[in-house]
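Asker: You'll find protein27.txt just under this line, and it carries compact mmCIF, C-alpha atoms.
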# COMPACT_ATOMS: atom_id res chain seq x y z
CA MET A 1 70.99 77.90 105.17
CA LYS A 2 70.38 75.78 108.27
CA VAL A 3 73.83 76.04 109.90
CA PHE A 4 76.48 78.73 109.64
CA GLN A 5 79.81 77.43 110.90
CA HIS A 6 82.30 77.17 108.04
CA VAL A 7 83.04 79.09 104.86
CA SER A 8 81.49 76.22 102.89
CA ASP A 9 78.11 77.11 104.42
CA ILE A 10 78.10 80.48 102.63
CA GLY A 11 78.84 79.01 99.19
CA ASP A 12 80.19 81.16 96.36
CA LEU A 13 82.14 83.98 98.00
CA SER A 14 81.75 86.34 95.05
CA VAL A 15 77.98 86.00 95.37
CA ALA A 16 78.16 86.49 99.16
CA LEU A 17 80.32 89.60 98.77
CA ALA A 18 77.93 91.08 96.20
CA GLU A 19 75.05 90.35 98.57
CA ALA A 20 76.93 92.07 101.39
CA GLN A 21 77.28 95.23 99.29
CA GLU A 22 73.57 95.11 98.43
CA VAL A 23 72.76 94.86 102.14
CA LYS A 24 75.11 97.73 102.88
CA ARG A 25 73.36 99.97 100.35
CA ASP A 26 69.97 99.44 101.99
CA ARG A 27 69.89 97.49 105.25
CA TYR A 28 66.10 97.69 105.61
CA GLN A 29 64.70 96.37 102.33
CA TRP A 30 64.18 92.81 103.65
CA GLN A 31 62.18 93.60 106.78
CA HIS A 32 59.31 91.48 105.46
CA LEU A 33 61.52 88.41 105.97
CA GLY A 34 61.84 88.96 109.72
CA ARG A 35 58.36 90.22 110.51
CA ASN A 36 56.94 88.19 113.44
CA LYS A 37 60.15 86.14 113.60
CA THR A 38 62.43 85.94 116.64
CA ALA A 39 66.20 85.54 116.88
CA LEU A 40 67.54 84.11 120.14
CA LEU A 41 71.16 85.10 120.84
CA ILE A 42 72.73 82.91 123.53
CA PHE A 43 75.99 84.04 125.14
CA PHE A 44 78.02 81.69 127.31
CA ASN A 45 80.84 84.28 127.13
CA ASN A 46 81.27 88.04 127.06
CA SER A 47 80.76 90.02 123.88
CA LEU A 48 80.68 93.56 122.56
CA ARG A 49 80.84 93.59 118.72
CA THR A 50 79.11 90.25 118.24
CA ARG A 51 76.24 91.10 120.55
CA LEU A 52 75.63 94.59 119.16
CA SER A 53 76.21 93.81 115.48
CA THR A 54 74.08 90.65 115.42
CA GLN A 55 71.25 92.29 117.34
CA LYS A 56 71.35 95.28 114.96
CA ALA A 57 71.40 92.97 111.92
CA ALA A 58 68.33 91.10 113.18
CA MET A 59 66.51 94.38 113.84
CA ASN A 60 67.40 95.59 110.34
CA LEU A 61 65.54 92.53 109.06
CA GLY A 62 62.46 93.32 111.15
CA MET A 63 63.07 90.56 113.70
CA ASN A 64 62.34 90.43 117.40
CA VAL A 65 65.50 89.71 119.38
CA ILE A 66 65.96 87.88 122.68
CA VAL A 67 69.42 88.00 124.25
CA LEU A 68 70.29 85.46 126.94
CA ASP A 69 73.45 85.67 129.06
CA VAL A 70 73.63 82.10 130.30
CA ASN A 71 76.06 82.79 133.14
CA GLN A 72 74.13 85.79 134.47
CA GLY A 73 70.47 85.42 133.53
CA ALA A 74 69.81 81.69 133.59
CA TRP A 75 70.38 78.53 135.61
CA LYS A 76 73.85 77.09 135.43
CA LEU A 77 73.75 74.51 132.66
CA GLU A 78 75.20 71.02 132.67
CA THR A 79 76.57 70.05 129.26
CA GLU A 80 77.78 66.47 129.80
CA ARG A 81 75.63 63.36 129.56
CA GLY A 82 75.57 60.71 132.28
CA VAL A 83 76.58 62.98 135.15
CA ILE A 84 74.88 62.95 138.54
CA MET A 85 73.70 66.55 138.86
CA ASP A 86 74.38 67.06 142.55
CA GLY A 87 76.56 70.14 142.11
CA ASP A 88 75.86 73.79 141.31
CA LYS A 89 74.30 73.12 137.88
CA SER A 90 70.53 73.07 138.09
CA GLU A 91 69.51 72.41 134.47
CA HIS A 92 70.79 70.23 131.65
CA LEU A 93 71.41 71.58 128.18
CA LEU A 94 69.33 68.73 126.76
CA GLU A 95 66.19 70.17 128.37
CA ALA A 96 67.21 73.80 128.01
CA ILE A 97 67.83 73.63 124.24
CA PRO A 98 64.34 72.51 123.13
CA VAL A 99 62.76 74.91 125.61
CA MET A 100 64.76 77.84 124.22
CA ALA A 101 64.00 76.72 120.67
CA SER A 102 60.27 76.86 121.38
CA TYR A 103 60.54 80.63 121.82
CA CYS A 104 62.37 81.50 118.60
CA ASP A 105 62.93 80.90 114.90
CA LEU A 106 66.75 81.26 114.68
CA ILE A 107 69.43 80.59 117.29
CA GLY A 108 72.88 82.15 117.56
CA VAL A 109 75.31 80.69 120.10
CA ARG A 110 78.61 81.98 121.48
CA SER A 111 80.68 79.52 123.53
CA PHE A 112 84.46 79.73 123.81
CA ALA A 113 87.04 76.99 124.16
CA ARG A 114 87.38 75.70 127.70
CA PHE A 115 90.96 74.42 127.29
CA GLU A 116 90.09 71.39 129.42
CA SER A 117 90.17 68.92 126.54
CA ARG A 118 91.30 69.50 122.97
CA ALA A 119 89.03 66.72 121.77
CA ASP A 120 85.97 68.23 123.45
CA ASP A 121 86.69 71.72 122.15
CA TYR A 122 87.42 70.64 118.59
CA GLU A 123 84.35 68.40 118.51
CA GLU A 124 82.24 71.50 119.32
CA LYS A 125 80.10 69.60 121.80
CA ILE A 126 77.98 72.53 122.95
CA LEU A 127 77.22 74.02 119.54
CA ASN A 128 76.54 70.61 118.01
CA GLN A 129 73.95 69.91 120.71
CA PHE A 130 72.10 73.05 119.63
CA ILE A 131 72.23 71.89 116.01
CA ARG A 132 71.01 68.41 116.95
CA TYR A 133 68.28 69.18 119.49
CA SER A 134 66.88 72.64 118.70
CA GLY A 135 65.23 71.99 115.36
CA ARG A 136 66.11 75.57 114.42
CA PRO A 137 68.73 77.10 112.13
CA VAL A 138 71.88 77.68 114.21
CA PHE A 139 74.65 80.18 113.53
CA PHE A 140 77.99 80.31 115.33
CA MET A 141 78.71 83.64 117.05
CA GLU A 142 82.18 82.28 117.95
CA SER A 143 82.79 78.80 119.21
CA ALA A 144 85.71 76.83 120.56
CA THR A 145 87.23 76.58 117.09
CA VAL A 146 85.66 79.10 114.69
CA HIS A 147 84.35 82.65 114.38
CA PRO A 148 82.79 82.75 110.90
CA LEU A 149 80.90 86.04 111.32
CA GLN A 150 84.23 87.75 112.02
CA ALA A 151 85.99 86.09 109.09
CA PHE A 152 83.19 87.03 106.70
CA ALA A 153 83.39 90.64 107.89
CA ASP A 154 87.17 90.51 107.42
CA LEU A 155 86.78 89.35 103.82
CA ILE A 156 84.21 92.07 103.12
CA THR A 157 86.66 94.65 104.52
CA ILE A 158 89.57 93.37 102.42
CA GLU A 159 87.48 93.47 99.25
CA GLU A 160 86.30 97.02 100.00
CA HIS A 161 89.88 98.21 100.47
CA ARG A 162 91.51 96.21 97.69
CA PRO A 163 94.16 98.51 96.23
CA THR A 164 94.29 99.47 92.60
CA PRO A 165 96.74 97.09 90.89
CA ASN A 166 100.27 98.46 90.82
CA PRO A 167 101.58 98.41 87.22
CA SER A 168 105.07 97.62 88.51
CA ARG A 169 103.74 94.34 89.93
CA GLU A 170 101.55 93.26 87.02
CA GLY A 171 102.70 89.97 85.59
CA GLY A 172 105.05 89.55 88.53
CA GLU A 173 105.53 86.62 90.85
CA ARG A 174 102.02 86.79 92.29
CA GLY A 175 100.27 87.93 89.13
CA GLU A 176 98.12 90.92 88.31
CA GLY A 177 95.70 92.01 91.00
CA MET A 178 96.95 89.52 93.61
CA LEU A 179 96.82 90.58 97.23
CA LYS A 180 99.31 89.35 99.78
CA VAL A 181 97.45 88.82 103.06
CA VAL A 182 99.55 87.98 106.10
CA MET A 183 98.16 86.70 109.39
CA THR A 184 100.68 87.15 112.18
CA TRP A 185 100.78 85.78 115.70
CA ALA A 186 101.42 88.43 118.36
CA PRO A 187 102.11 88.22 122.12
CA HIS A 188 99.41 88.27 124.78
CA PRO A 189 99.49 87.79 128.58
CA LYS A 190 96.70 85.18 128.54
CA ALA A 191 95.95 81.95 126.69
CA LEU A 192 93.54 82.73 123.85
CA PRO A 193 91.61 80.26 121.66
CA GLN A 194 92.28 79.62 118.00
CA ALA A 195 88.77 80.45 116.75
CA VAL A 196 89.56 83.75 115.01
CA PRO A 197 92.81 82.62 113.31
CA ASN A 198 91.20 79.30 112.32
CA SER A 199 88.30 81.03 110.58
CA PHE A 200 90.41 83.80 109.05
CA ALA A 201 92.70 81.17 107.52
CA GLU A 202 89.77 79.06 106.34
CA TRP A 203 88.09 82.02 104.63
CA MET A 204 91.29 83.41 103.07
CA LEU A 205 92.19 80.02 101.63
CA ALA A 206 88.67 79.58 100.25
CA ALA A 207 88.88 83.04 98.68
CA SER A 208 92.18 82.04 97.08
CA ARG A 209 90.74 78.78 95.72
CA GLN A 210 87.70 80.60 94.35
CA GLY A 211 89.84 83.02 92.37
CA LEU A 212 89.52 86.15 94.48
CA GLY A 213 93.23 86.88 94.04
CA ILE A 214 94.56 86.30 97.55
CA ASP A 215 98.04 85.01 98.38
CA PHE A 216 97.78 83.97 102.03
CA VAL A 217 100.72 83.63 104.43
CA ILE A 218 100.73 82.74 108.14
CA THR A 219 103.62 83.69 110.40
CA HIS A 220 104.11 82.58 114.00
CA PRO A 221 106.77 81.14 116.30
CA GLU A 222 107.37 77.41 116.11
CA GLY A 223 104.90 75.45 118.22
CA TYR A 224 101.83 77.51 117.32
CA GLU A 225 100.92 75.57 114.16
CA LEU A 226 97.17 75.71 113.53
CA ASP A 227 95.04 72.65 112.83
CA PRO A 228 95.42 71.43 109.22
CA GLN A 229 91.63 71.27 108.79
CA PHE A 230 91.70 75.08 108.74
CA VAL A 231 95.10 75.92 107.25
CA LYS A 232 95.88 73.16 104.76
CA GLY A 233 97.39 74.82 101.70
CA ALA A 234 98.58 77.96 103.50
CA ARG A 235 102.20 79.07 103.41
CA VAL A 236 103.75 79.22 106.87
CA GLU A 237 106.76 81.49 107.41
CA TYR A 238 108.44 81.46 110.82
CA ASP A 239 110.43 84.63 110.07
CA GLN A 240 107.92 87.42 110.69
CA MET A 241 109.88 90.10 108.87
CA LYS A 242 110.23 87.92 105.80
CA ALA A 243 106.52 87.14 105.88
CA PHE A 244 105.65 90.86 105.98
CA GLU A 245 107.66 91.71 102.88
CA GLY A 246 105.33 93.10 100.21
CA ALA A 247 102.17 92.46 102.24
CA ASP A 248 99.01 94.36 101.28
CA PHE A 249 97.06 93.43 104.43
CA VAL A 250 98.38 92.46 107.86
CA TYR A 251 96.03 90.67 110.24
CA ALA A 252 97.37 90.42 113.79
CA LYS A 253 96.03 87.95 116.35
CA ASN A 254 97.30 85.98 119.30
CA TRP A 255 96.46 82.33 119.81
CA SER A 256 97.60 79.73 122.32
CA CYS A 257 99.17 76.43 121.34
CA PRO A 258 96.67 74.45 119.22
CA GLY A 259 98.22 71.16 120.37
CA VAL A 260 98.30 69.66 116.88
CA THR A 261 101.48 67.63 117.40
CA ARG A 262 101.49 67.69 121.22
CA PRO A 263 97.91 67.54 122.57
CA GLU A 264 99.26 67.94 126.09
CA ASP A 265 100.32 71.51 125.15
CA TYR A 266 96.84 72.47 123.95
CA GLY A 267 95.84 75.89 125.23
CA LYS A 268 99.26 76.68 126.66
CA VAL A 269 101.34 79.82 126.19
CA LEU A 270 104.65 78.38 125.10
CA HIS A 271 106.79 81.45 125.76
CA ASP A 272 106.80 84.17 128.36
CA TYR A 273 105.30 87.12 126.50
CA HIS A 274 108.07 89.44 127.69
CA SER A 275 110.51 87.47 125.55
CA MET A 276 108.28 87.69 122.46
CA MET A 277 107.61 91.42 122.30
CA ASP A 278 109.47 91.73 119.01
CA TRP A 279 106.40 90.04 117.45
CA CYS A 280 104.25 93.07 118.39
CA VAL A 281 103.26 94.74 115.11
CA SER A 282 105.02 98.07 114.88
CA LYS A 283 106.34 100.51 112.28
CA ARG A 284 109.39 98.26 111.99
CA GLN A 285 107.38 95.41 110.48
CA MET A 286 104.97 97.61 108.54
CA ALA A 287 107.91 99.37 106.85
CA VAL A 288 108.68 96.29 104.73
CA THR A 289 105.09 95.85 103.53
CA ASN A 290 103.44 97.25 100.42
CA ASP A 291 101.99 100.12 102.52
CA ALA A 292 99.79 97.46 104.09
CA ARG A 293 96.46 97.91 105.77
CA PHE A 294 96.38 96.77 109.41
CA MET A 295 93.53 94.57 110.68
CA HIS A 296 92.50 93.09 114.01
CA CYS A 297 89.18 91.65 115.23
CA LEU A 298 89.18 93.64 118.52
CA PRO A 299 89.40 93.91 121.46
CA VAL A 300 93.13 94.47 121.16
CA ARG A 301 95.90 94.77 123.75
CA ARG A 302 97.73 97.90 122.64
CA ASN A 303 101.52 97.77 122.61
CA MET A 304 101.37 94.00 122.89
CA ILE A 305 99.51 92.99 119.75
CA VAL A 306 100.10 96.30 117.96
CA THR A 307 101.65 99.64 118.78
CA ASP A 308 99.58 102.80 119.20
CA ASP A 309 100.98 104.44 116.09
CA VAL A 310 100.02 101.52 113.84
CA ILE A 311 96.48 100.98 115.13
CA GLU A 312 95.81 104.73 115.13
CA GLY A 313 97.50 105.28 111.79
CA PRO A 314 95.82 106.04 108.46
CA ARG A 315 96.27 102.44 107.25
CA SER A 316 94.38 100.90 110.16
CA LEU A 317 91.06 99.24 109.27
CA VAL A 318 89.96 98.05 112.70
CA ILE A 319 86.90 100.35 112.88
CA PRO A 320 85.47 99.70 109.39
CA GLU A 321 86.25 96.02 109.98
CA ALA A 322 84.17 96.07 113.16
CA ALA A 323 81.36 97.97 111.40
CA ASN A 324 81.21 95.23 108.78
CA ARG A 325 80.25 92.75 111.50
CA GLU A 326 76.70 94.09 111.12
CA ILE A 327 76.81 93.37 107.40
CA SER A 328 78.18 89.84 107.67
CA ALA A 329 75.58 88.99 110.31
CA GLN A 330 72.76 90.42 108.24
CA VAL A 331 73.68 88.38 105.16
CA VAL A 332 73.71 85.21 107.25
CA LEU A 333 70.42 85.97 109.02
CA LYS A 334 68.81 86.97 105.73
CA ARG A 335 69.75 83.66 104.16
CA MET A 336 68.50 81.72 107.17
CA LEU A 337 65.17 83.54 107.07
CA GLU A 338 64.88 82.78 103.38
CA SER A 339 65.36 79.09 104.15
CA LEU A 340 62.49 78.89 106.68
Spit out the file's structure as structure tokens when you get a sec.
Answerer:
Amino acid sequence: MKVFQHVSDIGDLSVALAEAQEVKRDRYQWQHLGRNKTALLIFFNNSLRTRLSTQKAAMNLGMNVIVLDVNQGAWKLETERGVIMDGDKSEHLLEAIPVMASYCDLIGVRSFARFESRADDYEEKILNQFIRYSGRPVFFMESATVHPLQAFADLITIEEHRPTPNPSREGGERGEGMLKVVMTWAPHPKALPQAVPNSFAEWMLAASRQGLGIDFVITHPEGYELDPQFVKGARVEYDQMKAFEGADFVYAKNWSCPGVTRPEDYGKVLHDYHSMMDWCVSKRQMAVTNDARFMHCLPVRRNMIVTDDVIEGPRSLVIPEAANREISAQVVLKRMLESL
């Protein structure tokens, strides 16, 4: 594996999930792969779970780890070509990338959407420069449009908590063993990128196509339609309560307007969040589910995205979901080391 960006990069999901469980049983059995190898983790944005889980995964594999906070521990980097560098940016990414690559064997990059240009964000200009100029395997630790390490961890978590098939539902509308997974938009005071919902949708749809028994539904207010490259084939239900009916897993996440039909609205919050608080996941919505498990990538705004009683309840999976970030990262790093 030379690049980890999309679900297609991981291949057969059943194989990847089996590998994840093998890693979970013994995290340290592949330390020979990482001996005398170095992972460089580059953060253009803040991180808690991604930083800790990826660093731990690399250490599990016997790797050395270098962590670089670009905005705190390095020169300010120019990312555009053809500019006259007479401002506050002292170094260009085109020189910085090959220099950084000379010190490592694998590169992970985290760089959020800037919301300045939809085209620039969705073309993944920064991450693609690392792929093009580093000469090293590159994995996305969240970008402008995707967060595949999170989505892989989400799928691992869903598979680990797959309920025993209910005899009353066997042979029903969704078939035996089918899971209804609902991703719901929820209010937030700030404009957030679409990376997590894009990847979650991409991975759930791939799991459905590959026969993992997932019926995937997205619910959000009108105007928040995600890019078809990630959600083509998904059912969209604008009535949140209807979408929640019979759900086995509920995944809550805010995202700003993706600007699919109106690029000028890209990155905007289309409604004042005070008027959208009925979208906050509470006992009211969870009551119509099939005793659903609650999921969120964290960090979460309590009593905006989800109420205290739901996130603290016995059906909440946010902590085991976060713990599985170590496992998803280790599978990816393991495969990259094996490809060197």
Asker: Mind giving me the straight-line distance from atom CA of A:Pro314 to atom CA of A:Phe249 in Å, one decimal?
Answerer: 13.3 Å
Asker: Looking at A:Pro148, A:Pro193, A:Pro263, A:Pro299, which one is nearest to A:Arg114, with distances taken over only C-alpha atoms?
Answerer: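 Answer, going by the shortest atom-to-atom distance: A:Pro193.
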Asker: When distances are computed from only C-alpha atoms, which of A:Glu202, A:Asp239, A:Glu321, A:Asp308 shows the smallest separation from A:Asp227?
Answerer: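 Closest to A:Asp227 of all the choices is A:Glu202.
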Asker: Which one of A:His296, A:Lys56, A:Lys37, A:Arg209 sits closest to A:Val281 if you count only C-alpha atoms?
Answerer: A:His296
Asker: Just to confirm, what's the straight-line distance from atom CA of A:Ser102 to atom CA of A:Ser134 in Å (one decimal)?
Answerer: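 Straight-line distance from atom CA of A:Ser102 to atom CA of A:Ser134 works out to 8.3 Å.
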Asker: Contacts of A:Gly313 at 12 Å or less, counting only C-alpha atoms, minus same-chain residues fewer than 5 places along, as a PDB file with C-alpha atoms, in the coordinates of the input?
Answerer:
ATOM      1  CA  SER A 282     105.020  98.070 114.880  1.00  0.00           C
ATOM      2  CA  LYS A 283     106.340 100.510 112.280  1.00  0.00           C
ATOM      3  CA  MET A 286     104.970  97.610 108.540  1.00  0.00           C
ATOM      4  CA  ASP A 291     101.990 100.120 102.520  1.00  0.00           C
ATOM      5  CA  ALA A 292      99.790  97.460 104.090  1.00  0.00           C
ATOM      6  CA  ARG A 293      96.460  97.910 105.770  1.00  0.00           C
ATOM      7  CA  PHE A 294      96.380  96.770 109.410  1.00  0.00           C
ATOM      8  CA  MET A 295      93.530  94.570 110.680  1.00  0.00           C
ATOM      9  CA  VAL A 306     100.100  96.300 117.960  1.00  0.00           C
ATOM     10  CA  THR A 307     101.650  99.640 118.780  1.00  0.00           C
ATOM     11  CA  ASP A 308      99.580 102.800 119.200  1.00  0.00           C
ATOM     12  CA  VAL A 318      89.960  98.050 112.700  1.00  0.00           C
ATOM     13  CA  ILE A 319      86.900 100.350 112.880  1.00  0.00           C
TER      14      ILE A 319
END
Asker: Would you list the contacts of A:Met336 as a VMD selection string, taking every protein, DNA or RNA residue within 10 Å and counting only C-alpha atoms, but skipping same-chain residues closer than 5 positions in sequence?
Answerer: chain A and resid 1 to 4 33 105 to 106 136 to 139 330 to 331
Asker: Is there a way to get, as a PyMOL selection string, all residues within 12 Å of the point (70.2, 76.7, 136.8) in file coordinates, counting all atoms listed in the file?
Answerer: chain A and resi 70-79+85-93+95-96
Asker: Might you pull out every residue within 10 Å of stretch 142-146 of chain A, with all atoms listed in the file counted and same-chain residues fewer than 6 positions away left off, and present them as a ChimeraX atom specification?
Answerer: /A:5-6,43-45,47,50,108-115,118,120-127,193-200,202,227,230,258
Asker: Just how far from atom CA of A:Tyr224 is atom CA of A:Leu270, in Å to one decimal?
Answerer: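 A separation of 8.3 Å between them.
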Asker: Can you tell me, as a list in words, what residues are no more than 8 Å from A:Thr184 when counting only C-alpha atoms, ignoring any on the same chain fewer than 6 positions away?
Answerer: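 Listed by chain and then number, they are Ile218, Thr219, His220, Gln240, Val250, Tyr251, Ala252, Lys253 and Asn254 of chain A.
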Asker: Given the choices A:Val288, A:Ala186, A:Leu226, A:Ala247, which gets closest to A:Pro163 if the distance is worked out from all atoms listed in the file?
Answerer: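 Among A:Val288, A:Ala186, A:Leu226, A:Ala247, it is A:Ala247 that comes nearest to A:Pro163.
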Asker: In terms of the shortest atom-to-atom distance over all atoms listed in the file, which of A:Gly246, A:Gly211, A:Pro98, A:Gly233 is closest to A:Val181?
Answerer: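 Of A:Gly246, A:Gly211, A:Pro98, A:Gly233, the one nearest A:Val181 is A:Gly246, counting all atoms listed in the file.
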Asker: Under the rule that only C-alpha atoms are counted, which of A:Ser8, A:Thr38, A:Gln129, A:Asn46 is the nearest residue to A:Glu80?
Answerer: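 Closest residue, counting only C-alpha atoms: A:Gln129.
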Asker: Enclose stretch 218-226 of chain A, meaning all of its atoms listed in the file, in a box aligned along x, y and z, pad it by 6 Å on each side, and list the centre and edge lengths in Å to one decimal, as lines of an AutoDock Vina configuration file.
Answerer:
center_x = 102.3
center_y = 79.6
center_z = 113.2
size_x = 22.2
size_y = 20.2
size_z = 22.1
